[in-house]
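A quick write-up on the structure given underneath.
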Amino acid sequence: DEAERTRRIEGALDALGDDVVILGHNYQRREIVEHADFVGDSYQLSKEAAAADAEYVVFGGVTFMAESADIITDDDQTVVLPSMEASCPMAGMAEALQVDAAWAELTAATDADVVPVTYMNSYADLKAFCAEHGGLVCTSSNAHRAFEYALDEGDKVLFLPDKHLGENTAHRLGLEEEIAEWDPWDAASADAAAVVDNDVILWDGYCQVHERFSPSHVEQVRADHEDARVVVHPECRREVVEAADVVGSTATIRETVAEADPGETWAIGTEVHLTRHLQRWHPEVNVVPLCGEACMDCNAMRQIDPNYLAWVLEELAAGRERNVVEVAPGEKELARVALDRMLEV
Ligand code: 13P
Ligand code: SF4
């Protein structure tokens with residue numbers, strides 16, 4: 001039961017002392033978040049990983065986040081992911097091998113300088129690819145800065161994998177007339193020669209959790225709660241972002257509710273576990289999910305079961321490293337360049 005598991009986790013943490021730090025993403029379930037030393041959005045977690053001096057960084061999050069932690073921590077630090085099944089489907093939508101082939105097609109179609117920018121939600125080899133071609137990484141909290149960097153350094157940006165974050169960012173920068181969506185594998189999609197007429201080229205990836213939100217959910221919540229305000233993640237479709245009052249990363253969503261006055265109603269358009277945390281952390285605010293809870297559960301984040309957390313910690317305390325996430329040398333150095341560029345901009 002939970003009390004017994006908590007005793008096991010605390011026992012292992014006592015034995016490990018300063019040798020371990022637990023980082024948890026805002027979408028992790030309560031039983032993980034309660035044991036984390038720091039809970040935040042992807043950008044904050046990458047900064048915490050960079051600042052951590054513990055020998056072991058145990059990551060409550062998905063594979064790409066643990067990989068980024070491995071890239072950013074020192075070589076003598078070890079990153080552990082409680083479940084190796086926690087893989088973000090969106091990250092899998094832009095495989096470096098595919099992107100490489102598409103890149104050849106795109107760059108052959110133009111003399112302009114295209115700069116690739118990848119969302120943090122991607123694997124290390126794609127981050128390395130971006131560094132190799134003068135690009136960088138971004139998260140949902142700094143995508144606009146990454147676009148500005150790319151358009152300063154070059155003429156056009158190829159953004160991967162999330163078309164919705166890309167579209168929302170282009171709108172934020174007044175570049176809505178410059179957007180081309182591109183799926184090089186779909187015969188119905190425009191070809192490379194046509195898309196390079198635009199300055200913002202969007203890879204055809206998306207988050208299956210955030211894509212489920214629709215403008216009708218926003219209408220419904222406003223009908224159900226007269227004064228409801230709506231805050232959504234920029235992985236939501238453009239129409240949803242347009243219908244919302246606030247858009248931002250999971251850290252921004254947390255801040256928005258933390259700053260609300262008692263009695264205000266906020267509808268949350270993101271993964272359900274964050275909505276539940278906000279309900280617990282801010283009982284004075286009326287926090288409601290933007291759509292039925294089942295429609296926004298991230299199955300990748302859910303793979304981090306608290307029993308696995310107990311197991312990896314007990315194993316570490318017994319001197320056994322399990323579920324270590326290690327990016328291959330070479331790839332790691334290049335991916336680090338792309339992450340460092342993000343931290344700089
Ligand atoms: P944040 O960077 O806003 O925490 O988002 C990460 C994520 O996976 C959203 O789906
Ligand atoms: Fe990936 Fe979406 Fe889950 Fe975030 S919520 S980890 S983008 S599947």
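Note on naming: chains are A, B, ... as they come in the structure tokens, residues start from 1 per chain, ligands start from 1 in the order shown.
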Could you list, as a list in words, every residue within 12 Å of Gly263 (chain A), counting only C-alpha atoms and ignoring same-chain residues fewer than 6 positions away?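 Listing them by chain and then by number gives His225, Asp227, Ala228, Arg229, Val257, His282, Pro283, Glu284, Val285, Asn286 and Val287 of chain A.
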Within 8 Å of ligand 2, which residues of chain A show up? Give each one with its shortest atom-to-atom distance in Å (one decimal) and the two atoms involved, counting only C-alpha atoms and all ligand atoms, rows by chain then rising residue number, as CSV.
residue,atom,partner,partner_atom_place_in_ligand_line,distance
A:Tyr27,CA,ligand 2,5 (S),7.7
A:Gly61,CA,ligand 2,6 (S),7.8
A:Val62,CA,ligand 2,6 (S),6.3
A:Ser87,CA,ligand 2,6 (S),7.5
A:Cys88,CA,ligand 2,1 (Fe),4.0
A:Pro89,CA,ligand 2,8 (S),5.2
A:Met90,CA,ligand 2,1 (Fe),5.3
A:Ala91,CA,ligand 2,1 (Fe),6.8
A:Asn121,CA,ligand 2,7 (S),6.4
A:Tyr206,CA,ligand 2,7 (S),7.5
A:Cys207,CA,ligand 2,2 (Fe),4.2
A:Gln208,CA,ligand 2,2 (Fe),5.9
A:Val209,CA,ligand 2,2 (Fe),5.2
A:His210,CA,ligand 2,2 (Fe),6.4
A:Glu235,CA,ligand 2,7 (S),7.4
A:Thr270,CA,ligand 2,5 (S),7.6
A:Glu271,CA,ligand 2,5 (S),6.0
A:Asp297,CA,ligand 2,5 (S),7.7
A:Cys298,CA,ligand 2,3 (Fe),4.5
A:Asn299,CA,ligand 2,3 (Fe),6.7
A:Ala300,CA,ligand 2,3 (Fe),5.6
A:Met301,CA,ligand 2,3 (Fe),6.0
So, counting only C-alpha atoms, which residue among A:Glu259, A:Lys47, A:Lys332, A:Glu85 is closest to Asp305 (chain A)? A:Glu85
Hey, could you make a per-residue contact list for region 191-283 of chain A against region 142-158 of chain A with 9 Å as the cut-off, showing the nearest pair of atoms and its distance in Å to one decimal, counting only C-alpha atoms, sorted by chain and number, as a Markdown table?
| residue | atom | partner | partner_atom | distance |
| --- | --- | --- | --- | --- |
| A:Val196 | CA | A:Lys156 | CA | 8.0 |
| A:Asn198 | CA | A:Lys156 | CA | 7.5 |
| A:Asp199 | CA | A:Lys156 | CA | 4.4 |
| A:Val200 | CA | A:Val157 | CA | 5.1 |
| A:Ile201 | CA | A:Leu158 | CA | 4.7 |
| A:Leu202 | CA | A:Leu158 | CA | 6.0 |
| A:Trp203 | CA | A:Leu158 | CA | 7.3 |
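Of note, CA of Val80 (chain A) and CA of Ala50 (chain A) are spaced 15.0 Å apart.
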Which protein, DNA or RNA residues have an atom within 6 Å of ligand 1, counting only C-alpha atoms and all ligand atoms, as a ChimeraX atom specification? /A:41-43,139-140,249-250
List every residue of region 129-248 of chain A that has an atom at most 10 Å from any atom of region 92-99 of chain A, and for each one report the closest atom pair and its distance in Å to one decimal, counting only C-alpha atoms, with rows sorted by chain and then by increasing residue number, as a tab-separated table.
residue	atom	partner	partner_atom	distance
A:Phe129	CA	A:Ala96	CA	7.1
A:Cys130	CA	A:Ala96	CA	9.6
A:Leu160	CA	A:Ala94	CA	6.9
A:Pro161	CA	A:Ala94	CA	5.6
A:Asp162	CA	A:Met93	CA	8.8
A:Pro184	CA	A:Gln98	CA	9.1
A:Trp185	CA	A:Gln98	CA	9.1
A:Trp203	CA	A:Ala94	CA	7.9
A:Asp204	CA	A:Met93	CA	8.0
A:Gly205	CA	A:Met93	CA	5.6
A:Tyr206	CA	A:Met93	CA	7.9
A:Cys207	CA	A:Met93	CA	9.5
Please extract the residues of region 123-228 of chain A with a backbone DSSP assignment of alpha helix (DSSP H) and present them as number ranges by chain. A: 124-132, 143-153, 163-172, 192-195, 215-224
Output C-alpha atoms for every residue in the selection just made, as a PDB file, in the first residue's frame.
ATOM      1  CA  ALA A 124      19.089  13.272 -28.445  1.00  0.00           C
ATOM      2  CA  ASP A 125      20.052  12.379 -32.021  1.00  0.00           C
ATOM      3  CA  LEU A 126      17.666  15.021 -33.372  1.00  0.00           C
ATOM      4  CA  LYS A 127      19.074  17.594 -30.946  1.00  0.00           C
ATOM      5  CA  ALA A 128      22.550  16.652 -32.231  1.00  0.00           C
ATOM      6  CA  PHE A 129      21.307  17.031 -35.817  1.00  0.00           C
ATOM      7  CA  CYS A 130      20.080  20.555 -35.061  1.00  0.00           C
ATOM      8  CA  ALA A 131      23.413  21.543 -33.518  1.00  0.00           C
ATOM      9  CA  GLU A 132      25.255  20.192 -36.545  1.00  0.00           C
ATOM     10  CA  ALA A 143      10.219  28.760 -28.415  1.00  0.00           C
ATOM     11  CA  HIS A 144       9.763  32.414 -29.471  1.00  0.00           C
ATOM     12  CA  ARG A 145      13.358  33.177 -28.526  1.00  0.00           C
ATOM     13  CA  ALA A 146      14.613  30.143 -30.425  1.00  0.00           C
ATOM     14  CA  PHE A 147      12.672  31.265 -33.523  1.00  0.00           C
ATOM     15  CA  GLU A 148      14.190  34.738 -33.219  1.00  0.00           C
ATOM     16  CA  TYR A 149      17.663  33.238 -32.905  1.00  0.00           C
ATOM     17  CA  ALA A 150      17.105  31.024 -35.973  1.00  0.00           C
ATOM     18  CA  LEU A 151      15.757  33.909 -38.071  1.00  0.00           C
ATOM     19  CA  ASP A 152      18.645  36.146 -36.994  1.00  0.00           C
ATOM     20  CA  GLU A 153      21.239  33.528 -37.831  1.00  0.00           C
ATOM     21  CA  LYS A 163       3.324  21.794 -35.531  1.00  0.00           C
ATOM     22  CA  HIS A 164       0.943  23.359 -33.001  1.00  0.00           C
ATOM     23  CA  LEU A 165       3.674  24.877 -30.822  1.00  0.00           C
ATOM     24  CA  GLY A 166       5.329  26.016 -34.065  1.00  0.00           C
ATOM     25  CA  GLU A 167       2.150  27.632 -35.362  1.00  0.00           C
ATOM     26  CA  ASN A 168       1.392  29.293 -32.025  1.00  0.00           C
ATOM     27  CA  THR A 169       4.934  30.621 -31.835  1.00  0.00           C
ATOM     28  CA  ALA A 170       4.806  31.993 -35.386  1.00  0.00           C
ATOM     29  CA  HIS A 171       1.582  33.836 -34.490  1.00  0.00           C
ATOM     30  CA  ARG A 172       3.160  35.227 -31.334  1.00  0.00           C
ATOM     31  CA  ALA A 192       9.927  20.993 -50.586  1.00  0.00           C
ATOM     32  CA  ALA A 193      10.162  23.577 -53.386  1.00  0.00           C
ATOM     33  CA  ALA A 194       6.772  25.012 -52.387  1.00  0.00           C
ATOM     34  CA  VAL A 195       7.296  25.032 -48.619  1.00  0.00           C
ATOM     35  CA  PRO A 215     -12.810  25.145 -29.182  1.00  0.00           C
ATOM     36  CA  SER A 216     -16.073  23.442 -28.172  1.00  0.00           C
ATOM     37  CA  HIS A 217     -14.462  22.493 -24.835  1.00  0.00           C
ATOM     38  CA  VAL A 218     -13.694  26.152 -24.256  1.00  0.00           C
ATOM     39  CA  GLU A 219     -17.268  27.141 -25.183  1.00  0.00           C
ATOM     40  CA  GLN A 220     -18.676  24.463 -22.893  1.00  0.00           C
ATOM     41  CA  VAL A 221     -16.594  25.456 -19.892  1.00  0.00           C
ATOM     42  CA  ARG A 222     -17.568  29.108 -20.366  1.00  0.00           C
ATOM     43  CA  ALA A 223     -21.228  28.047 -20.547  1.00  0.00           C
ATOM     44  CA  ASP A 224     -20.904  25.894 -17.401  1.00  0.00           C
TER      45      ASP A 224
END
